[in-house]
$ cat coords.cif   # mmCIF, C-alpha atoms
data_model
loop_
_atom_site.label_atom_id
_atom_site.label_comp_id
_atom_site.auth_asym_id
_atom_site.auth_seq_id
_atom_site.Cartn_x
_atom_site.Cartn_y
_atom_site.Cartn_z
CA MET K 1 0.00 0.00 0.00
CA SER K 2 1.31 3.36 -0.96
CA LEU K 3 1.21 6.21 1.45
CA ARG K 4 1.46 8.72 -1.36
CA THR K 5 -1.57 10.86 -2.03
CA PRO K 6 -2.83 11.82 -5.48
CA LEU K 7 -1.52 15.31 -4.71
CA LYS K 8 1.85 14.38 -6.17
CA HIS K 9 0.26 14.00 -9.59
CA VAL K 10 -1.02 17.54 -9.72
CA ARG K 11 1.43 19.54 -7.72
CA ARG K 12 3.48 21.95 -9.84
CA HIS K 13 2.14 20.48 -13.08
CA GLY K 14 -0.99 22.51 -13.82
CA SER K 15 -3.61 21.76 -16.44
CA ALA K 16 -1.11 21.51 -19.29
CA ARG K 17 0.92 18.88 -17.36
CA ASP K 18 4.22 20.58 -18.00
CA GLY K 19 4.34 22.67 -14.86
CA THR K 20 6.59 25.70 -15.10
CA ASP K 21 8.34 24.37 -18.20
CA HIS K 22 7.05 27.11 -20.52
CA PHE K 23 7.82 29.87 -18.03
CA TRP K 24 11.27 28.52 -17.28
CA LYS K 25 12.29 28.05 -20.93
CA GLN K 26 11.06 31.55 -21.75
CA ARG K 27 13.29 32.98 -19.01
CA LEU K 28 16.25 30.74 -19.87
CA THR K 29 16.20 31.63 -23.57
CA GLY K 30 15.47 35.26 -22.64
CA LEU K 31 18.67 35.42 -20.63
CA ALA K 32 20.63 33.75 -23.42
CA ASN K 33 19.11 36.16 -25.96
CA LEU K 34 20.06 39.12 -23.80
CA VAL K 35 23.73 38.18 -23.88
CA LEU K 36 23.73 36.98 -27.50
CA SER K 37 21.84 40.05 -28.74
CA VAL K 38 24.60 42.27 -27.41
CA PHE K 39 26.97 40.19 -29.52
CA LEU K 40 24.63 40.43 -32.53
CA VAL K 41 24.31 44.21 -32.31
CA ILE K 42 28.10 44.64 -32.10
CA PHE K 43 28.55 42.18 -34.96
CA LEU K 44 25.99 44.03 -37.11
CA ILE K 45 27.47 47.45 -36.30
CA ARG K 46 30.88 46.21 -37.38
CA HIS K 47 29.49 44.74 -40.58
CA ALA K 48 27.14 47.58 -41.53
CA GLY K 49 27.70 47.92 -45.24
CA ALA K 50 30.59 45.41 -45.26
CA ASP K 51 31.10 43.52 -48.49
CA HIS K 52 30.53 39.81 -48.91
CA ALA K 53 34.18 38.80 -48.63
CA ALA K 54 34.62 40.60 -45.29
CA LEU K 55 31.47 39.06 -43.82
CA LYS K 56 32.50 35.59 -45.02
CA GLU K 57 35.92 36.05 -43.49
CA SER K 58 34.45 36.92 -40.05
CA LEU K 59 31.92 34.11 -40.11
CA ARG K 60 34.64 31.61 -40.84
CA HIS K 61 35.86 32.18 -37.29
CA PRO K 62 34.04 29.87 -34.83
CA ALA K 63 33.98 32.62 -32.20
CA VAL K 64 31.67 34.53 -34.54
CA ALA K 65 29.70 31.66 -36.11
CA LEU K 66 29.00 29.91 -32.80
CA PRO K 67 27.25 32.79 -30.98
CA LEU K 68 25.24 33.46 -34.14
CA VAL K 69 24.09 29.83 -34.29
CA LEU K 70 23.25 29.92 -30.57
CA LEU K 71 21.31 33.16 -31.01
CA VAL K 72 19.27 31.78 -33.90
CA ILE K 73 18.39 28.67 -31.87
CA SER K 74 17.69 30.45 -28.59
CA GLY K 75 15.87 33.27 -30.39
CA THR K 76 13.54 31.01 -32.34
CA VAL K 77 12.74 28.88 -29.27
CA HIS K 78 11.96 32.09 -27.35
CA MET K 79 9.78 33.56 -30.09
CA ARG K 80 7.87 30.32 -30.50
CA LEU K 81 7.02 30.29 -26.78
CA GLY K 82 6.05 33.97 -26.87
CA MET K 83 3.79 33.62 -29.89
CA GLN K 84 2.23 30.52 -28.32
CA THR K 85 1.15 32.68 -25.38
CA ILE K 86 -0.25 35.35 -27.69
CA ILE K 87 -2.24 32.76 -29.64
CA GLU K 88 -3.55 31.13 -26.47
CA ASP K 89 -4.59 34.54 -25.13
CA TYR K 90 -6.45 35.82 -28.16
CA VAL K 91 -7.60 32.88 -30.27
CA HIS K 92 -10.52 31.15 -28.63
CA GLY K 93 -11.81 28.84 -31.37
CA GLU K 94 -10.40 25.40 -30.63
CA SER K 95 -9.61 24.42 -34.21
CA SER K 96 -8.16 27.77 -35.30
CA LYS K 97 -6.08 27.81 -32.13
CA ILE K 98 -4.60 24.38 -32.86
CA VAL K 99 -3.89 25.31 -36.49
CA LEU K 100 -2.15 28.53 -35.44
CA LEU K 101 -0.12 26.72 -32.77
CA LEU K 102 1.04 24.24 -35.41
CA LEU K 103 1.93 27.04 -37.83
CA ASN K 104 3.77 28.81 -35.02
CA THR K 105 5.98 25.77 -34.43
CA PHE K 106 6.56 25.18 -38.14
CA PHE K 107 7.44 28.85 -38.73
CA SER K 108 9.84 29.00 -35.79
CA VAL K 109 11.59 25.74 -36.67
CA LEU K 110 11.86 26.78 -40.31
CA VAL K 111 13.31 30.20 -39.50
CA GLY K 112 15.70 28.65 -36.97
CA ALA K 113 16.91 25.82 -39.20
CA THR K 114 17.34 28.17 -42.18
CA GLY K 115 19.37 30.61 -40.10
CA VAL K 116 21.58 27.87 -38.67
CA LEU K 117 22.12 26.37 -42.13
CA ALA K 118 23.10 29.75 -43.57
CA VAL K 119 25.60 30.46 -40.78
CA LEU K 120 27.08 26.95 -40.99
CA LYS K 121 27.42 27.17 -44.77
CA LEU K 122 29.30 30.45 -44.38
CA GLY K 123 31.22 29.14 -41.38
CA PHE K 124 32.45 26.14 -43.33
CA GLY K 125 33.38 28.42 -46.19
CA ALA K 126 30.63 28.64 -48.81
CA MET Z 1 -40.03 27.03 -21.39
CA ALA Z 2 -37.13 26.76 -23.75
CA GLU Z 3 -35.40 29.78 -22.20
CA ALA Z 4 -35.08 28.11 -18.83
CA ARG Z 5 -32.82 25.42 -20.23
CA PRO Z 6 -29.27 26.10 -19.04
CA ARG Z 7 -26.98 27.37 -21.76
CA THR Z 8 -24.40 24.86 -22.86
CA GLY Z 9 -21.74 27.49 -22.42
CA VAL Z 10 -18.44 27.17 -24.19
CA GLU Z 11 -19.59 25.33 -27.30
CA GLY Z 12 -21.71 27.23 -29.79
CA LYS Z 13 -20.86 30.66 -31.04
CA GLY Z 14 -24.10 32.26 -29.84
CA ALA Z 15 -23.48 31.25 -26.25
CA ALA Z 16 -21.52 34.38 -25.44
CA ALA Z 17 -24.25 36.79 -26.58
CA ASN Z 18 -25.64 39.30 -24.09
CA ARG Z 19 -23.30 38.34 -21.32
CA PRO Z 20 -21.68 41.20 -19.50
CA LEU Z 21 -17.99 41.52 -20.29
CA SER Z 22 -15.34 42.44 -17.80
CA PRO Z 23 -13.86 45.89 -18.42
CA HIS Z 24 -11.15 45.82 -21.05
CA LEU Z 25 -8.45 48.12 -22.41
CA GLN Z 26 -10.69 50.95 -23.60
CA ILE Z 27 -12.07 51.45 -20.08
CA TYR Z 28 -8.76 52.32 -18.48
CA LYS Z 29 -6.75 55.49 -18.68
CA PRO Z 30 -3.37 54.45 -20.08
CA VAL Z 31 -0.64 54.42 -17.45
CA VAL Z 32 3.01 53.85 -18.16
CA ASN Z 33 3.35 50.31 -16.81
CA MET Z 34 0.30 49.20 -18.77
CA VAL Z 35 1.60 50.78 -21.98
CA MET Z 36 5.03 49.18 -21.47
CA SER Z 37 3.39 45.82 -20.86
CA ILE Z 38 1.44 46.13 -24.11
CA LEU Z 39 4.54 47.36 -25.94
CA HIS Z 40 6.49 44.36 -24.64
CA ARG Z 41 4.02 42.06 -26.35
CA ILE Z 42 3.84 44.14 -29.53
CA THR Z 43 7.63 44.37 -29.83
CA GLY Z 44 7.86 40.63 -29.17
CA ALA Z 45 5.42 39.91 -31.98
CA ALA Z 46 7.28 42.33 -34.27
CA LEU Z 47 10.58 40.59 -33.51
CA TYR Z 48 8.89 37.27 -34.31
CA PHE Z 49 8.44 38.44 -37.90
CA GLY Z 50 11.59 40.55 -37.78
CA SER Z 51 13.58 37.32 -37.38
CA LEU Z 52 12.87 36.88 -41.09
CA LEU Z 53 14.99 39.97 -41.84
CA LEU Z 54 18.04 38.61 -40.02
CA VAL Z 55 17.68 35.14 -41.53
CA TRP Z 56 17.09 36.62 -44.99
CA TRP Z 57 20.32 38.61 -44.67
CA LEU Z 58 22.26 35.51 -43.51
CA VAL Z 59 20.77 33.41 -46.33
CA ALA Z 60 21.69 36.14 -48.82
CA ALA Z 61 25.27 35.97 -47.60
CA ALA Z 62 25.23 32.18 -47.88
CA VAL Z 63 23.81 32.33 -51.42
CA GLY Z 64 26.65 34.44 -52.77
CA PRO Z 65 28.10 37.92 -53.35
CA ALA Z 66 25.65 39.01 -56.06
CA TYR Z 67 22.49 38.28 -54.08
CA PHE Z 68 24.12 39.59 -50.89
CA ASP Z 69 24.85 42.91 -52.59
CA TYR Z 70 21.27 43.07 -53.85
CA VAL Z 71 19.83 42.49 -50.35
CA ASN Z 72 22.30 44.91 -48.77
CA GLY Z 73 21.23 47.44 -51.39
CA LEU Z 74 17.60 47.06 -50.28
CA PHE Z 75 18.59 47.60 -46.63
CA ALA Z 76 20.57 50.66 -47.72
CA THR Z 77 17.51 52.44 -49.13
CA LEU Z 78 15.84 55.05 -46.92
CA CYS Z 79 12.95 52.65 -46.25
CA GLY Z 80 15.42 49.90 -45.44
CA LYS Z 81 17.38 52.06 -43.04
CA LEU Z 82 14.27 53.33 -41.27
CA LEU Z 83 13.15 49.71 -40.94
CA LEU Z 84 16.51 48.83 -39.38
CA VAL Z 85 16.30 51.76 -36.94
CA GLY Z 86 12.83 50.50 -35.97
CA TYR Z 87 14.17 46.96 -35.68
CA THR Z 88 16.98 48.18 -33.41
CA TRP Z 89 14.59 50.01 -31.10
CA THR Z 90 12.18 47.05 -31.06
CA LEU Z 91 14.96 44.63 -30.08
CA ILE Z 92 16.41 46.90 -27.40
CA HIS Z 93 13.01 47.76 -25.97
CA HIS Z 94 11.98 44.11 -25.75
CA ALA Z 95 15.36 43.21 -24.21
CA LEU Z 96 15.03 45.92 -21.54
CA GLY Z 97 11.42 44.83 -20.93
CA GLY Z 98 12.82 41.35 -20.36
CA VAL Z 99 15.29 42.71 -17.81
CA ARG Z 100 12.34 44.37 -16.03
CA HIS Z 101 10.64 40.98 -15.89
CA PHE Z 102 13.81 39.37 -14.51
CA VAL Z 103 13.75 41.92 -11.68
CA TRP Z 104 10.10 41.03 -11.00
CA ASP Z 105 10.98 37.31 -11.14
CA THR Z 106 13.17 37.79 -8.08
CA GLY Z 107 10.13 39.13 -6.23
CA ARG Z 108 11.42 42.68 -6.17
CA GLY Z 109 10.11 45.92 -7.57
CA PHE Z 110 6.36 45.41 -7.27
CA ASP Z 111 5.54 48.66 -5.50
CA LEU Z 112 3.86 51.11 -7.86
CA GLU Z 113 6.60 53.70 -7.63
CA THR Z 114 9.28 51.19 -8.69
CA VAL Z 115 7.03 49.71 -11.36
CA ASP Z 116 6.51 53.16 -12.89
CA ARG Z 117 10.18 54.06 -12.62
CA MET Z 118 11.26 50.80 -14.31
CA SER Z 119 8.65 51.32 -17.02
CA TRP Z 120 9.94 54.81 -17.83
CA LEU Z 121 13.53 53.52 -17.71
CA THR Z 122 12.62 50.84 -20.26
CA LEU Z 123 11.30 53.48 -22.65
CA LEU Z 124 14.07 56.03 -22.08
CA GLY Z 125 16.77 53.36 -22.10
CA SER Z 126 15.60 51.83 -25.37
CA ALA Z 127 15.40 55.25 -27.04
CA LEU Z 128 18.81 56.22 -25.70
CA ILE Z 129 20.60 52.99 -26.64
CA THR Z 130 19.02 53.01 -30.11
CA ALA Z 131 20.17 56.61 -30.60
CA VAL Z 132 23.71 55.80 -29.42
CA ILE Z 133 23.95 52.80 -31.76
CA TRP Z 134 22.76 54.74 -34.80
CA ILE Z 135 24.78 57.86 -34.06
CA TYR Z 136 27.82 55.58 -33.86
CA VAL Z 137 26.91 53.82 -37.14
CA ILE Z 138 26.28 57.16 -38.87
CA GLY Z 139 29.59 58.49 -37.53
CA GLN Z 140 31.43 55.39 -38.75
CA ARG Z 141 29.88 55.48 -42.19
CA GLY Z 142 29.95 59.26 -42.54
CA GLY Z 143 26.21 59.54 -43.16
CA PHE Z 144 22.82 57.86 -42.70
#
$ encode --input "coords.cif" --output "structure tokens"
Amino acid sequence: MSLRTPLKHVRRHGSARDGTDHFWKQRLTGLANLVLSVFLVIFLIRHAGADHAALKESLRHPAVALPLVLLVISGTVHMRLGMQTIIEDYVHGESSKIVLLLLNTFFSVLVGATGVLAVLKLGFGA
Amino acid sequence: MAEARPRTGVEGKGAAANRPLSPHLQIYKPVVNMVMSILHRITGAALYFGSLLLVWWLVAAAVGPAYFDYVNGLFATLCGKLLLVGYTWTLIHHALGGVRHFVWDTGRGFDLETVDRMSWLTLLGSALITAVIWIYVIGQRGGF
């Protein structure tokens, strides 16, 4: 006989069964984005109007390509979570909500994968 | 008495008719923390689609010099530059809004005076940082 009460099944998990997962990932990626955005802004300032050869040369260095890859990943995860909240707040029809949530995931993954691919292609010397 | 039958509530589009609604945005006088909260969401949504700009630029670089020059040329138009200034402010404002939320996450800064001060700082800080970035870029490039 177990002495555990059913409370353990509900505690901290909420109606979506993932507890504070959404909140936590939003904060985690937010913090990463904060640091990586500073890098991005400096990178973009330095390459404002730079020609293709100069940009390619910088991206070939892992210390430039890596933070960019991390930013694209962290940024798209963060924006997917944020848009999910917006959709859940404003779209009340069950079917349109599910369709938009699916599109949100597809869009974010597509943007993220495309960005990573582009940086890697340049990083490996396209 | 058909009317006496309890409404089936959530299903059925007509179910919501004639029910009183709780007061919403148009009822309240805008105050700074409310406006910054709304702006945080709007800038977040703008950055969602703005991610396409960054990825487009990276893809253009990956495609090759000719297409990269073409895309850079579009960003160099007046419209393109104004868009980039807007993008800069949007990113900085959302980032500072995030910092404000991090402060709240620690349980601090919930008194109205601090909330208002942090809200104004978000707005002033984002405007200031955006201005510094673009003044620097303009200085470097010798023109807008």
$ interface_residues --input "coords.cif" --of "chain K" --to "chain Z" --cutoff "10 Å" --atoms "only C-alpha atoms" --output "count of residues only"
52
$ residues_around --input "coords.cif" --residues "Met34 (chain Z)" --least-positions-apart "5" --cutoff "12 Å" --atoms "only C-alpha atoms" --output "PyMOL selection string"
chain Z and resi 25+28-29+39-41+112+115-116+118-120
$ atom_distance --input "coords.cif" --atom1 "CA of Thr114 (chain Z)" --atom2 "CA of Val31 (chain Z)"
13.6 Å
$ atom_distance --input "coords.cif" --atom1 "CA of Gln26 (chain K)" --atom2 "CA of Gly97 (chain Z)"
13.3 Å
$ atom_distance --input "coords.cif" --atom1 "CA of Ala54 (chain K)" --atom2 "CA of Ile135 (chain Z)"
22.8 Å
$ axis_aligned_box --input "coords.cif" --around "region 35-44 of chain K" --padding-each-side "3 Å" --output "JSON"
{"center_x": 25.2, "center_y": 40.8, "center_z": -30.5, "size_x": 12.7, "size_y": 13.7, "size_z": 19.2}
